[in-house]
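Trainee: For reference, the structure I am asking about is given below.
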Amino acid sequence: MAMSVIWTVMVGAAVLCGLATGNGPAVARGALDGAAAGVELSLSTMGVMCLWTGVMEVMRRCGIAGGLSRLLRPVLRRLYPGYAGDRRVMDAVSANLSANLLGLGNAATPLGLEAARLMAEGSGGTASDGLCMLVVCNTASLQLIPTTVASVRAAAGSADPFDILPAVWLASVVSVAVGIAAAKLLSKVWR
Amino acid sequence: MDLFFTMLVPCLMLAVATAALFRRVDVWSGITDGARAGLKVSLNIMPPLIGLLTAVYMLRASGALELLRDALSPALTAIGIPPETVPLLLVRPVSGSAALGVGAELIQTYGPDSLVGRTAAVMLGSTETTFYTVAVYFGAAKIARTRYAVPAALCADAAGFLAASWAVRLIFGG
């Protein structure tokens with residue numbers, strides 16, 4: 001339901017503002033461009049998506065995924081108590097977390113989506129606490145080295161493009177901690 | 001440093017394939033079976049992406065973000081967020097490429113080593129495109145009732161923006 005409300009509010013704000021500011025025609029064009037961009041974006045990411053689900057499958061078959069899971073288990077068991085016993089979910093979640101930490105956003109998304117799909121099996125269209133936690137963790141950035149931003153700073157002539165690292169880590173930790181705390185708190189009252 | 005990050009992905013692929021071969025795992029059928037599953041995931045996230053990007057493009061074209069920026073600036077300045085970064089903070093949850101564009105412009109205009117430039121960089125580095133993630137994850141999982149996921153994720157974003165502003169002031173002064 002949340003997305004329904006957000007979508008309606010976004011479209012409503014766009015139409016009203018467009019009319020009020022004289023940007024109405026631009027809003028109409030935006031609707032067509034946006035729909036086309038949605039198709040383009042999913043098609044252009046399809047190859048990378050398939051590459052990483054393929055690599056993940058190999059990692060699972062040869063036991064690397066299981067090794068990663070065992071390594072990250074102490075953390076993940078607390079974050080996803082409902083799935084602590086589910087090997088397949090735990091493998092996908094730990095691969096997703098590892099890719100996020102390495103800054104491989106292109107790899108993290110397909111791996112996370114696989115975890116989401118497995119978590120949703122037999123849930124009847126309602127998000128479980130584990131799935132909400134997975135989404136919250138993936139909406140917060142866990143990347144250790146923000147390479148894209150560093151390259152933008154380097155291009156702009158920064159004296160030391162990576163001098164923001166401590167600040168990025170501090171902000172990331174605060175953001176992730178608040179997200180996890182909010183999810184844990186809300187899970188008790190929002191059924 | 002740059003070469004290291006560029007080569008990270010190819011080297012990871014090679015490492016996984018080599019380890020799998022040594023354990024007598026059929027690498028090729030793993031890659032192709034996995035890719036087949038990925039194809040299905042791609043198709044599942046296309047409908048939510050079409051919906052989301054339509055609304056995002058309409059919103060960006062309407063000038064609503066500018067109005068919101070002007071309305072929010074005083075309050076955000078009061079809690080320590082530089083007012084120049086408000087446009088970035090507004091587009092960050094909806095569009096990753098737009099946020100990178102806005103952020104890069106701030107970094108160019110104010111200088112990469114200025115308070116505004118650094119805050120913009122830290123904001124970009126410590127947050128994600130929340131609505132994209134929500135739409136894509138729940139779309140792939142075919143979930144309609146998302147419960148508290150969106151409010152909790154937005155709490156994380158707000159905390160990230162505030163922490164980014166404070167961390168830059170704390171570490172670099174100003």
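Labels for the structure tokens follow display order: chains A, B, ..., residues from 1 in each chain, ligands from 1.
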Near B:Leu124, counting only C-alpha atoms, which residues have an atom at most 8 Å away, once you skip same-chain residues fewer than 6 positions from it, shown as a list in words?

Mentor: Val149 of chain A; Arg92, Ala99, Leu100 and Gly103 of chain B

Trainee: Identify, on the basis of only C-alpha atoms, every residue whose closest approach to B:Leu52 does not exceed 8 Å; exclude the query and any residue fewer than 5 positions from it along the same chain; express the result as a PDB file with N, CA and C atoms, in the first residue's frame.

Mentor:
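In the end it all went to selection-v2.pdb:
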```
ATOM      1  N   TRP A   7       3.080   6.765  -4.987  1.00  0.00           N
ATOM      2  CA  TRP A   7       2.941   6.980  -6.434  1.00  0.00           C
ATOM      3  C   TRP A   7       1.869   8.023  -6.718  1.00  0.00           C
ATOM      4  N   GLY A  38      11.832   3.490 -18.008  1.00  0.00           N
ATOM      5  CA  GLY A  38      11.688   2.287 -17.178  1.00  0.00           C
ATOM      6  C   GLY A  38      12.040   1.041 -17.953  1.00  0.00           C
TER       7      GLY A  38
ATOM      8  N   TYR B 132      13.659   3.434  -5.552  1.00  0.00           N
ATOM      9  CA  TYR B 132      14.037   2.458  -6.581  1.00  0.00           C
ATOM     10  C   TYR B 132      14.205   1.077  -5.937  1.00  0.00           C
ATOM     11  N   ALA B 135      10.800  -0.336  -4.804  1.00  0.00           N
ATOM     12  CA  ALA B 135       9.967  -0.761  -5.929  1.00  0.00           C
ATOM     13  C   ALA B 135      10.501  -2.049  -6.539  1.00  0.00           C
TER      14      ALA B 135
END
```

Trainee: Which polymer residues have any atom within 10 Å of an atom of A:Leu51, counting only C-alpha atoms, with same-chain residues fewer than 6 positions away left out, as a list in words?

Mentor: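 Contacts, with the query itself left out: Glu57, Asn106, Ala107 and Pro110 of chain A; Met13, Ile31, Thr32, Gly34, Ala35, Arg36, Gly38 and Leu39 of chain B.
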
Trainee: Write out, as a short mmCIF file (atom, residue, chain, number, x, y, z; two decimals), in the first residue's frame, the residues just selected, with C-alpha atoms.

Mentor:
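Final output, saved to selection-v7.cif:
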```
data_model
loop_
_atom_site.label_atom_id
_atom_site.label_comp_id
_atom_site.auth_asym_id
_atom_site.auth_seq_id
_atom_site.Cartn_x
_atom_site.Cartn_y
_atom_site.Cartn_z
CA GLU A 57 24.72 -20.02 -8.97
CA ASN A 106 25.41 -4.20 -10.01
CA ALA A 107 26.02 -7.53 -8.29
CA PRO A 110 20.39 -9.37 -8.37
CA MET B 13 34.65 -13.83 -11.71
CA ILE B 31 26.44 -19.61 -15.30
CA THR B 32 23.70 -20.39 -17.81
CA GLY B 34 21.76 -18.73 -13.08
CA ALA B 35 21.41 -16.35 -16.02
CA ARG B 36 18.10 -17.99 -16.95
CA GLY B 38 18.16 -13.66 -13.76
CA LEU B 39 16.16 -13.16 -16.95
#
```

Trainee: Just checking: using only C-alpha atoms, which residue out of A:Ala14, A:Ala36, A:Met133, A:Ala108 ends up closest to A:Val178?

Mentor: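 Among A:Ala14, A:Ala36, A:Met133, A:Ala108, it is A:Met133 that comes nearest to A:Val178.
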
Trainee: I need the residue nearest B:Tyr148 from this list: A:Thr126, A:Asn138, A:Ser151, A:Ser158. Use only C-alpha atoms for the distance.

Mentor: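 Nearest to B:Tyr148: A:Thr126.
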
Trainee: Taking 5 positions as the minimum chain separation for residues in the same chain, which residues sit within 6 Å of stretch 158-169 of chain B when counting only C-alpha atoms? Answer as a PyMOL selection string.

Mentor: (chain A and resi 167+171+175) or (chain B and resi 81+119+122-123+174)

Trainee: Which one of B:Leu88, B:Ala15, B:Ala156, B:Met7 sits closest to chain A if you count only C-alpha atoms?

Mentor: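 Checking each candidate against chain A, we get B:Ala156 as the closest.
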
Trainee: Excluding A:Gly30 and its own-chain neighbours fewer than 2 positions away, which residues fall within 12 Å of it when counting only C-alpha atoms? Please give them as a PDB file with N, CA and C atoms, in the first residue's frame.

Mentor:
```
ATOM      1  N   VAL A  11       2.445  11.652  -8.533  1.00  0.00           N
ATOM      2  CA  VAL A  11       1.736  12.052  -9.754  1.00  0.00           C
ATOM      3  C   VAL A  11       0.860  13.274  -9.481  1.00  0.00           C
ATOM      4  N   ALA A  14       2.951  16.361  -9.209  1.00  0.00           N
ATOM      5  CA  ALA A  14       3.468  16.738 -10.526  1.00  0.00           C
ATOM      6  C   ALA A  14       2.390  17.458 -11.343  1.00  0.00           C
ATOM      7  N   VAL A  15       1.168  16.918 -11.345  1.00  0.00           N
ATOM      8  CA  VAL A  15       0.094  17.514 -12.146  1.00  0.00           C
ATOM      9  C   VAL A  15      -0.270  18.893 -11.606  1.00  0.00           C
ATOM     10  N   GLY A  18       2.651  21.302 -12.081  1.00  0.00           N
ATOM     11  CA  GLY A  18       2.812  21.565 -13.507  1.00  0.00           C
ATOM     12  C   GLY A  18       1.794  22.592 -13.968  1.00  0.00           C
ATOM     13  N   ASN A  23       4.225  24.391 -16.235  1.00  0.00           N
ATOM     14  CA  ASN A  23       5.041  23.299 -16.763  1.00  0.00           C
ATOM     15  C   ASN A  23       4.189  22.107 -17.205  1.00  0.00           C
ATOM     16  N   GLY A  24       2.904  22.322 -17.368  1.00  0.00           N
ATOM     17  CA  GLY A  24       1.990  21.229 -17.725  1.00  0.00           C
ATOM     18  C   GLY A  24       2.455  20.387 -18.904  1.00  0.00           C
ATOM     19  N   PRO A  25       2.825  21.021 -20.039  1.00  0.00           N
ATOM     20  CA  PRO A  25       3.267  20.217 -21.195  1.00  0.00           C
ATOM     21  C   PRO A  25       4.503  19.388 -20.880  1.00  0.00           C
ATOM     22  N   ALA A  26       5.427  19.958 -20.070  1.00  0.00           N
ATOM     23  CA  ALA A  26       6.636  19.217 -19.710  1.00  0.00           C
ATOM     24  C   ALA A  26       6.282  17.988 -18.864  1.00  0.00           C
ATOM     25  N   VAL A  27       5.278  18.140 -17.989  1.00  0.00           N
ATOM     26  CA  VAL A  27       4.842  17.011 -17.158  1.00  0.00           C
ATOM     27  C   VAL A  27       4.281  15.908 -18.044  1.00  0.00           C
ATOM     28  N   ALA A  28       3.475  16.298 -19.039  1.00  0.00           N
ATOM     29  CA  ALA A  28       2.887  15.315 -19.944  1.00  0.00           C
ATOM     30  C   ALA A  28       3.978  14.566 -20.703  1.00  0.00           C
ATOM     31  N   LEU A  32       5.572  10.234 -20.600  1.00  0.00           N
ATOM     32  CA  LEU A  32       5.930   9.342 -21.703  1.00  0.00           C
ATOM     33  C   LEU A  32       7.408   8.952 -21.639  1.00  0.00           C
ATOM     34  N   ASP A  33       8.268   9.969 -21.374  1.00  0.00           N
ATOM     35  CA  ASP A  33       9.709   9.698 -21.290  1.00  0.00           C
ATOM     36  C   ASP A  33      10.015   8.746 -20.151  1.00  0.00           C
ATOM     37  N   GLY A  34       9.345   8.942 -19.007  1.00  0.00           N
ATOM     38  CA  GLY A  34       9.602   8.112 -17.831  1.00  0.00           C
ATOM     39  C   GLY A  34       9.243   6.661 -18.087  1.00  0.00           C
ATOM     40  N   ALA A  35       8.101   6.432 -18.720  1.00  0.00           N
ATOM     41  CA  ALA A  35       7.686   5.056 -19.004  1.00  0.00           C
ATOM     42  C   ALA A  35       8.708   4.379 -19.912  1.00  0.00           C
ATOM     43  N   ALA A  36       9.171   5.124 -20.930  1.00  0.00           N
ATOM     44  CA  ALA A  36      10.181   4.562 -21.829  1.00  0.00           C
ATOM     45  C   ALA A  36      11.481   4.301 -21.075  1.00  0.00           C
ATOM     46  N   ALA A  37      11.838   5.221 -20.166  1.00  0.00           N
ATOM     47  CA  ALA A  37      13.080   5.063 -19.404  1.00  0.00           C
ATOM     48  C   ALA A  37      13.029   3.829 -18.517  1.00  0.00           C
ATOM     49  N   GLY A  38      11.832   3.490 -18.008  1.00  0.00           N
ATOM     50  CA  GLY A  38      11.688   2.287 -17.178  1.00  0.00           C
ATOM     51  C   GLY A  38      12.040   1.041 -17.953  1.00  0.00           C
TER      52      GLY A  38
ATOM     53  N   LEU B  52       7.476   3.588 -11.545  1.00  0.00           N
ATOM     54  CA  LEU B  52       8.242   4.531 -10.714  1.00  0.00           C
ATOM     55  C   LEU B  52       8.843   5.654 -11.556  1.00  0.00           C
ATOM     56  N   LEU B  53       9.486   5.281 -12.673  1.00  0.00           N
ATOM     57  CA  LEU B  53      10.166   6.307 -13.470  1.00  0.00           C
ATOM     58  C   LEU B  53       9.183   7.268 -14.119  1.00  0.00           C
ATOM     59  N   THR B  54       7.983   6.776 -14.467  1.00  0.00           N
ATOM     60  CA  THR B  54       6.963   7.686 -15.005  1.00  0.00           C
ATOM     61  C   THR B  54       6.685   8.794 -13.989  1.00  0.00           C
ATOM     62  N   ALA B  55       6.429   8.396 -12.740  1.00  0.00           N
ATOM     63  CA  ALA B  55       6.117   9.388 -11.705  1.00  0.00           C
ATOM     64  C   ALA B  55       7.321  10.304 -11.443  1.00  0.00           C
ATOM     65  N   VAL B  56       8.518   9.719 -11.426  1.00  0.00           N
ATOM     66  CA  VAL B  56       9.725  10.516 -11.145  1.00  0.00           C
ATOM     67  C   VAL B  56       9.947  11.562 -12.236  1.00  0.00           C
ATOM     68  N   TYR B  57       9.806  11.161 -13.488  1.00  0.00           N
ATOM     69  CA  TYR B  57      10.019  12.099 -14.599  1.00  0.00           C
ATOM     70  C   TYR B  57       8.971  13.217 -14.578  1.00  0.00           C
ATOM     71  N   MET B  58       7.718  12.843 -14.272  1.00  0.00           N
ATOM     72  CA  MET B  58       6.664  13.856 -14.201  1.00  0.00           C
ATOM     73  C   MET B  58       6.981  14.865 -13.101  1.00  0.00           C
ATOM     74  N   LEU B  59       7.399  14.322 -11.947  1.00  0.00           N
ATOM     75  CA  LEU B  59       7.684  15.178 -10.797  1.00  0.00           C
ATOM     76  C   LEU B  59       8.834  16.131 -11.098  1.00  0.00           C
ATOM     77  N   ARG B  60       9.875  15.617 -11.750  1.00  0.00           N
ATOM     78  CA  ARG B  60      11.035  16.439 -12.053  1.00  0.00           C
ATOM     79  C   ARG B  60      10.684  17.545 -13.028  1.00  0.00           C
ATOM     80  N   ALA B  61       9.792  17.223 -13.995  1.00  0.00           N
ATOM     81  CA  ALA B  61       9.424  18.205 -15.020  1.00  0.00           C
ATOM     82  C   ALA B  61       8.501  19.281 -14.454  1.00  0.00           C
ATOM     83  N   SER B  62       7.793  18.973 -13.359  1.00  0.00           N
ATOM     84  CA  SER B  62       6.735  19.873 -12.889  1.00  0.00           C
ATOM     85  C   SER B  62       7.256  21.063 -12.099  1.00  0.00           C
ATOM     86  N   GLY B  63       8.494  20.982 -11.622  1.00  0.00           N
ATOM     87  CA  GLY B  63       9.002  22.070 -10.792  1.00  0.00           C
ATOM     88  C   GLY B  63       8.613  21.914  -9.335  1.00  0.00           C
TER      89      GLY B  63
END
```

Trainee: Which is closest to chain B among A:Val173, A:Pro74, A:Gly85, A:Ala127, if we use only C-alpha atoms?

Mentor: A:Ala127

Trainee: Do a neighbour search on stretch 140-145 of chain A at 9 Å with only C-alpha atoms, toss out local chain neighbours closer than 2 positions, and write the hits as a PyMOL selection string.

Mentor: (chain A and resi 97+99-105+135-138+147-148+150+162+165+168-169+172-173+175-176+179) or (chain B and resi 125-130+153+156-157+160)

Trainee: Excluding B:Gly30 and residues on its chain fewer than 5 positions from it, collect all residues at most 10 Å away from it, counting only C-alpha atoms, and give them as a PyMOL selection string.

Mentor: (chain A and resi 53-62) or (chain B and resi 17+20+25+35-36)

Trainee: Can you write just those residues out, C-alpha atoms, as a tab-separated table (two decimals), in the first residue's frame?

Mentor:
```tsv
chain	number	residue	atom	x	y	z
A	53	THR	CA	22.78	-14.52	-10.91
A	54	GLY	CA	24.96	-16.87	-12.99
A	55	VAL	CA	28.08	-16.22	-10.89
A	56	MET	CA	25.95	-16.63	-7.74
A	57	GLU	CA	24.72	-20.02	-8.97
A	58	VAL	CA	28.32	-21.17	-9.48
A	59	MET	CA	29.26	-19.81	-6.02
A	60	ARG	CA	26.41	-21.80	-4.51
A	61	ARG	CA	27.25	-25.04	-6.32
A	62	CYS	CA	30.92	-24.96	-5.34
B	17	ALA	CA	35.29	-19.98	-11.79
B	20	ALA	CA	34.54	-24.10	-8.86
B	25	VAL	CA	31.65	-28.07	-10.40
B	35	ALA	CA	21.41	-16.35	-16.02
B	36	ARG	CA	18.10	-17.99	-16.95
```

Trainee: Among chain A, which ones does DSSP place in alpha helix (DSSP H), written as JSON, numbers by chain?

Mentor: {"A": [2, 3, 4, 5, 6, 7, 8, 9, 10, 11, 12, 13, 14, 15, 16, 17, 18, 19, 20, 21, 24, 25, 26, 27, 28, 29, 30, 31, 32, 33, 34, 35, 36, 37, 38, 39, 40, 41, 42, 43, 44, 45, 46, 47, 48, 49, 50, 51, 52, 53, 54, 55, 56, 57, 58, 59, 60, 61, 64, 65, 66, 67, 68, 69, 70, 71, 72, 73, 74, 75, 76, 77, 78, 79, 87, 88, 89, 90, 91, 92, 93, 94, 95, 96, 97, 98, 99, 100, 101, 102, 105, 106, 107, 108, 109, 110, 111, 112, 113, 114, 115, 116, 117, 118, 119, 120, 129, 130, 131, 132, 133, 134, 135, 136, 137, 138, 139, 147, 148, 149, 150, 151, 152, 153, 154, 155, 165, 166, 167, 168, 169, 170, 171, 172, 173, 174, 175, 176, 177, 178, 179, 180, 181, 182, 183, 184, 185, 186, 187, 188, 189]}

Trainee: With distances taken over only C-alpha atoms, which residue among A:Arg78, A:Arg88, A:Arg29, A:Arg70 lies nearest chain B?

Mentor: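 Result for the nearest residue to chain B: A:Arg29.
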
Trainee: With only C-alpha atoms as the basis for distance, which of A:Ala159, A:Val5, A:Cys132, A:Leu118 is at the shortest distance from A:Lys184?

Mentor: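 Of all the options, A:Cys132 lies closest to A:Lys184.
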
Trainee: Could you state the separation of atom CA of B:Ser114 and atom CA of A:Leu170 in Å, given to one decimal place?

Mentor: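 Computing the Euclidean distance for atom CA of B:Ser114 and atom CA of A:Leu170 yields 18.7 Å.
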
Trainee: For atom CA of B:Val91 and atom CA of A:Ala13, determine how far apart the two atoms are, in Å to one decimal place.

Mentor: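 These atoms are spaced 14.5 Å apart.
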
Trainee: To one decimal in Å, tell me the separation between atom CA of B:Phe5 and atom CA of A:Pro166.

Mentor: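 Atom CA of B:Phe5 sits 19.0 Å away from atom CA of A:Pro166.
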